[in-house]
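What follows is the content of data.cif (mmCIF, C-alpha atoms).
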data_structure
#
loop_
_atom_site.group_PDB
_atom_site.id
_atom_site.type_symbol
_atom_site.label_atom_id
_atom_site.label_comp_id
_atom_site.auth_asym_id
_atom_site.auth_seq_id
_atom_site.Cartn_x
_atom_site.Cartn_y
_atom_site.Cartn_z
ATOM 1 C CA PRO H 246 105.277 -31.633 -117.318
ATOM 2 C CA VAL H 247 105.637 -35.390 -117.514
ATOM 3 C CA GLU H 248 107.236 -37.868 -119.858
ATOM 4 C CA ILE H 249 105.046 -40.823 -120.825
ATOM 5 C CA THR H 250 106.588 -44.158 -121.776
ATOM 6 C CA LEU H 251 105.049 -47.503 -122.664
ATOM 7 C CA ARG H 252 106.597 -50.359 -120.691
ATOM 8 C CA THR H 253 105.921 -53.958 -119.853
ATOM 9 C CA SER H 254 104.558 -54.352 -116.336
ATOM 10 C CA PRO H 255 103.414 -57.339 -114.242
ATOM 11 C CA THR H 256 99.894 -56.629 -115.546
ATOM 12 C CA GLY H 257 100.919 -56.240 -119.212
ATOM 13 C CA PRO H 258 101.740 -53.140 -121.300
ATOM 14 C CA ARG H 259 101.250 -49.940 -119.316
ATOM 15 C CA LEU H 260 101.854 -46.218 -119.594
ATOM 16 C CA TYR H 261 104.362 -44.943 -117.038
ATOM 17 C CA LEU H 262 104.457 -41.254 -116.127
ATOM 18 C CA ASN H 263 107.519 -39.476 -114.762
ATOM 19 C CA PRO H 264 108.642 -35.860 -114.411
ATOM 20 C CA VAL H 265 110.627 -34.494 -117.336
ATOM 21 C CA LYS H 266 114.405 -34.455 -116.874
ATOM 22 C CA GLU H 267 114.473 -30.675 -117.243
ATOM 23 C CA ILE H 268 113.256 -30.376 -113.650
ATOM 24 C CA GLU H 269 116.901 -31.001 -112.697
ATOM 25 C CA THR H 270 117.671 -27.436 -113.887
ATOM 26 C CA LEU H 271 115.468 -26.067 -111.061
ATOM 27 C CA ILE H 272 117.397 -27.700 -108.197
ATOM 28 C CA SER H 273 118.874 -25.117 -105.849
ATOM 29 C CA GLN H 274 119.845 -27.362 -102.911
ATOM 30 C CA ARG H 275 120.242 -31.123 -102.304
ATOM 31 C CA HIS H 276 119.985 -33.285 -99.194
ATOM 32 C CA ASP H 277 120.779 -36.944 -99.965
ATOM 33 C CA TYR H 278 120.751 -39.788 -97.445
ATOM 34 C CA LYS H 279 121.447 -43.522 -97.781
ATOM 35 C CA ASP H 280 120.490 -46.380 -95.488
ATOM 36 C CA VAL H 281 119.077 -44.063 -92.857
ATOM 37 C CA LEU H 282 116.762 -44.920 -89.964
ATOM 38 C CA LEU H 283 113.480 -43.025 -89.706
ATOM 39 C CA GLY H 284 114.427 -41.384 -86.378
ATOM 40 C CA ASP H 285 117.814 -40.205 -87.655
ATOM 41 C CA LEU H 286 116.267 -38.935 -90.875
ATOM 42 C CA ALA H 287 113.515 -37.084 -89.014
ATOM 43 C CA ALA H 288 116.192 -35.167 -87.069
ATOM 44 C CA LYS H 289 117.998 -34.231 -90.314
ATOM 45 C CA LEU H 290 114.833 -32.950 -91.996
ATOM 46 C CA VAL H 291 114.221 -30.403 -89.209
ATOM 47 C CA GLY H 292 116.805 -28.000 -90.628
ATOM 48 C CA ILE H 293 115.357 -27.820 -94.144
ATOM 49 C CA LYS H 294 113.639 -24.500 -94.800
ATOM 50 C CA PRO H 295 110.191 -24.202 -96.407
ATOM 51 C CA GLY H 296 110.287 -24.188 -100.177
ATOM 52 C CA LEU H 297 109.313 -26.077 -103.288
ATOM 53 C CA PHE H 298 110.492 -29.684 -103.179
ATOM 54 C CA ASP H 299 111.325 -32.707 -105.291
ATOM 55 C CA ILE H 300 111.481 -35.583 -102.796
ATOM 56 C CA ALA H 301 112.391 -39.169 -103.688
ATOM 57 C CA PHE H 302 112.734 -42.161 -101.379
ATOM 58 C CA GLU H 303 112.725 -45.938 -101.414
ATOM 59 C CA TRP H 304 112.659 -48.769 -98.925
ATOM 60 C CA ASP H 305 112.844 -52.551 -98.768
ATOM 61 C CA ALA H 306 109.293 -53.938 -98.739
ATOM 62 C CA ALA H 307 110.363 -56.907 -96.595
ATOM 63 C CA GLN H 308 111.394 -54.496 -93.807
ATOM 64 C CA GLN H 309 108.567 -51.972 -94.158
ATOM 65 C CA LYS H 310 106.945 -50.184 -91.256
ATOM 66 C CA ASP H 311 104.278 -47.477 -90.927
ATOM 67 C CA PHE H 312 105.340 -43.879 -91.510
ATOM 68 C CA GLN H 313 104.053 -40.506 -92.628
ATOM 69 C CA LEU H 314 105.729 -37.541 -94.272
ATOM 70 C CA ASN H 315 104.395 -34.087 -93.487
ATOM 71 C CA ILE H 316 105.154 -31.269 -95.879
ATOM 72 C CA TRP H 317 104.348 -27.672 -94.882
ATOM 73 C CA ASP H 318 102.654 -28.946 -91.690
ATOM 74 C CA ARG H 319 100.338 -31.229 -93.703
ATOM 75 C CA LYS H 320 100.191 -35.012 -93.806
ATOM 76 C CA LEU H 321 100.733 -35.436 -97.556
ATOM 77 C CA PHE H 322 102.158 -38.975 -97.758
ATOM 78 C CA ALA H 323 101.568 -41.944 -95.462
ATOM 79 C CA PHE H 324 102.364 -45.641 -95.714
ATOM 80 C CA ASN H 325 100.587 -48.482 -93.896
ATOM 81 C CA ALA H 326 102.742 -51.620 -93.734
ATOM 82 C CA LYS H 327 99.996 -54.013 -92.607
ATOM 83 C CA ASP H 328 97.980 -53.745 -95.820
ATOM 84 C CA SER H 329 100.791 -52.288 -97.990
ATOM 85 C CA THR H 330 98.878 -49.127 -98.855
ATOM 86 C CA TYR H 331 99.926 -45.551 -99.288
ATOM 87 C CA SER H 332 97.869 -42.418 -99.131
ATOM 88 C CA VAL H 333 98.546 -39.110 -100.802
ATOM 89 C CA ASP H 334 96.721 -36.204 -99.170
ATOM 90 C CA GLY H 335 94.237 -38.685 -97.693
ATOM 91 C CA GLN H 336 93.484 -40.801 -100.792
ATOM 92 C CA LYS H 337 94.461 -44.450 -100.132
ATOM 93 C CA ARG H 338 95.831 -46.998 -102.660
ATOM 94 C CA LYS H 339 97.450 -50.438 -102.574
ATOM 95 C CA VAL H 340 101.073 -50.672 -103.705
ATOM 96 C CA GLU H 341 102.999 -53.715 -104.899
ATOM 97 C CA PRO H 342 106.782 -53.809 -104.476
ATOM 98 C CA VAL H 343 108.957 -54.040 -107.582
ATOM 99 C CA ASN H 344 112.023 -56.250 -107.104
ATOM 100 C CA GLY H 345 111.329 -56.101 -103.355
ATOM 101 C CA LYS H 346 111.407 -52.299 -103.195
ATOM 102 C CA ILE H 347 108.892 -49.463 -103.103
ATOM 103 C CA LYS H 348 109.884 -46.130 -104.658
ATOM 104 C CA VAL H 349 108.131 -42.793 -104.216
ATOM 105 C CA ARG H 350 108.724 -39.399 -105.775
ATOM 106 C CA LEU H 351 106.816 -36.289 -104.694
ATOM 107 C CA ILE H 352 107.030 -32.895 -106.355
ATOM 108 C CA CYS H 353 105.569 -30.149 -104.202
ATOM 109 C CA ASP H 354 104.744 -26.880 -105.882
ATOM 110 C CA ARG H 355 102.796 -23.962 -104.425
ATOM 111 C CA SER H 356 99.401 -25.401 -105.314
ATOM 112 C CA LEU H 357 100.055 -28.944 -106.579
ATOM 113 C CA LEU H 358 101.511 -32.173 -105.243
ATOM 114 C CA SER H 359 102.514 -34.586 -108.009
ATOM 115 C CA PHE H 360 103.278 -38.162 -106.993
ATOM 116 C CA PHE H 361 105.018 -40.991 -108.843
ATOM 117 C CA ILE H 362 105.058 -44.511 -107.399
ATOM 118 C CA ASN H 363 107.490 -47.250 -108.494
ATOM 119 C CA ASP H 364 109.111 -45.288 -111.314
ATOM 120 C CA GLY H 365 105.815 -43.998 -112.688
ATOM 121 C CA TYR H 366 103.723 -47.190 -112.557
ATOM 122 C CA GLU H 367 101.203 -45.041 -110.693
ATOM 123 C CA ALA H 368 101.099 -41.268 -110.819
ATOM 124 C CA GLY H 369 98.747 -38.442 -110.058
ATOM 125 C CA ASN H 370 98.225 -34.941 -108.746
ATOM 126 C CA ARG H 371 96.564 -33.450 -105.717
ATOM 127 C CA TYR H 372 95.651 -29.799 -105.623
ATOM 128 C CA LEU H 373 96.699 -28.025 -102.442
ATOM 129 C CA THR H 374 95.500 -24.781 -100.939
ATOM 130 C CA GLY H 375 98.943 -23.327 -101.542
ATOM 131 C CA PHE H 376 102.444 -23.071 -100.288
ATOM 132 C CA ARG H 377 102.741 -21.995 -96.651
ATOM 133 C CA PRO H 378 106.038 -20.242 -95.935
ATOM 134 C CA GLU H 379 104.792 -19.565 -92.398
ATOM 135 C CA CYS H 380 104.617 -23.291 -91.537
ATOM 136 C CA LYS H 381 106.316 -24.489 -88.359
ATOM 137 C CA GLN H 382 108.391 -27.120 -90.119
ATOM 138 C CA ALA H 383 108.853 -27.610 -93.869
ATOM 139 C CA LEU H 384 109.332 -31.385 -93.593
ATOM 140 C CA SER H 385 108.698 -33.822 -90.776
ATOM 141 C CA LEU H 386 108.666 -37.591 -90.611
ATOM 142 C CA GLN H 387 106.942 -39.801 -88.056
ATOM 143 C CA GLY H 388 106.535 -43.529 -87.844
ATOM 144 C CA THR H 389 107.496 -46.851 -86.399
ATOM 145 C CA ALA H 390 111.046 -47.173 -85.090
ATOM 146 C CA GLY H 391 113.236 -49.386 -87.220
ATOM 147 C CA GLN H 392 111.996 -48.181 -90.625
ATOM 148 C CA VAL H 393 115.049 -47.847 -92.868
ATOM 149 C CA PHE H 394 115.083 -45.807 -96.059
ATOM 150 C CA GLU H 395 117.602 -47.129 -98.556
ATOM 151 C CA THR H 396 117.619 -43.698 -100.187
ATOM 152 C CA PHE H 397 115.939 -40.436 -99.244
ATOM 153 C CA SER H 398 116.591 -37.311 -101.265
ATOM 154 C CA VAL H 399 115.174 -33.817 -100.789
ATOM 155 C CA ARG H 400 115.888 -31.367 -103.569
ATOM 156 C CA THR H 401 114.793 -27.776 -103.036
ATOM 157 C CA LEU H 402 113.538 -26.236 -106.263
ATOM 158 C CA ARG H 403 113.744 -22.635 -107.326
ATOM 159 C CA PRO H 404 110.543 -21.104 -108.701
ATOM 160 C CA THR H 405 110.201 -20.820 -112.461
ATOM 161 C CA TRP H 406 108.384 -17.493 -112.222
ATOM 162 C CA PRO H 407 110.596 -14.440 -111.787
ATOM 163 C CA ALA H 408 110.422 -12.830 -108.347
ATOM 164 C CA THR H 409 109.104 -9.661 -109.977
ATOM 165 C CA ALA H 410 106.172 -11.421 -111.670
ATOM 166 C CA LYS H 411 102.863 -9.927 -110.643
ATOM 167 C CA GLU H 412 99.470 -11.533 -110.454
ATOM 168 C CA PRO H 413 97.278 -10.619 -113.436
ATOM 169 C CA LYS H 414 94.693 -7.992 -112.655
ATOM 170 C CA SER H 415 91.120 -9.187 -112.647
ATOM 171 C CA PRO H 416 88.777 -7.515 -115.135
ATOM 172 C CA LYS H 417 86.534 -4.799 -113.719
#
Now, as a test, write the supplied structure out as structure tokens.
Amino acid sequence: PVEITLRTSPTGPRLYLNPVKEIETLISQRHDYKDVLLGDLAAKLVGIKPGLFDIAFEWDAAQQKDFQLNIWDRKLFAFNAKDSTYSVDGQKRKVEPVNGKIKVRLICDRSLLSFFINDGYEAGNRYLTGFRPECKQALSLQGTAGQVFETFSVRTLRPTWPATAKEPKSPK
């Protein structure tokens, strides 16, 4: 679920979409980092176990470099500094910094990746083939040395369905 607000943007009035605040009640574990280099952050992400994630990060656009974030062994988010574009699961878009910063939030569920760019200025969903608990590494980060993330937060989410929930039976 998302909250929709009407705000003034550089291009005039615009609808902004962001996750509802109630998602905070699903957080089971937090990993928060500030002013961290890509290489150092990549080493810290290795220990995070596969799960459902709410990931938020931001960087200074004046110091941007290329990088990609893999989730469940898949390249789900990538940034290209040369043309200031990002891609979510392969779909490429241009991004403009806001107050010199670029902010990204990714919510990764079993079958859906929701993305929110610059506090909801752009948002969308990508359907995935499903959560892969057997993946080699839940999160990995690659890119150009020197990329600094001002903030990078990984919140592991608990499922909303009870563990005993069963798939509905298909009609005969």
- prompt: Expanded to explicit residues, what is the PyMOL selection byres ((chain H and resi 259-276) around 12) for this file, as a PyMOL selection string?
  reply: chain H and resi 246-258+277-279+286+289-294+296-302+349-352+354+359-370+396-406
### Query
When the PyMOL selection byres ((chain H and resi 312) around 9) is applied to the file above, which residues end up in the set, as an MDAnalysis selection string?
chainID H and resid 283 310:311 313:314 322:326 386:389 392
Work out where the centre of an axis-aligned box around every listed atom of range 391-404 of chain H lies and how long its edges are once 5 Å is added on each side; give both in Å to one decimal as JSON.
{"center_x": 114.1, "center_y": -35.2, "center_z": -98.0, "size_x": 17.1, "size_y": 38.3, "size_z": 31.5}
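Computed from the coordinates, the CA of Arg338 in chain H to CA of Gly284 in chain H distance equals 25.3 Å.
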* **Within 6 Å of file point (112.1, -50.7, -101.0), counting only C-alpha atoms, expressed as a list in words** => Glu303, Trp304, Asp305, Ala306, Gly345, Lys346 and Ile347 of chain H
Selected residues, C-alpha atoms, written as a PDB file, in the frame of the given file, please.
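Saved as out-v7.pdb:
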ATOM      1  CA  GLU H 303     112.725 -45.938-101.414  1.00  0.00           C
ATOM      2  CA  TRP H 304     112.659 -48.769 -98.925  1.00  0.00           C
ATOM      3  CA  ASP H 305     112.844 -52.551 -98.768  1.00  0.00           C
ATOM      4  CA  ALA H 306     109.293 -53.938 -98.739  1.00  0.00           C
ATOM      5  CA  GLY H 345     111.329 -56.101-103.355  1.00  0.00           C
ATOM      6  CA  LYS H 346     111.407 -52.299-103.195  1.00  0.00           C
ATOM      7  CA  ILE H 347     108.892 -49.463-103.103  1.00  0.00           C
TER       8      ILE H 347
END
Neighbouring residues of Leu282 in chain H were defined as those with any atom within 9 Å, considering all atoms listed in the file; residues of the same chain fewer than 4 positions away were excluded. Please report them as a PyMOL selection string. chain H and resi 286-287+390-395
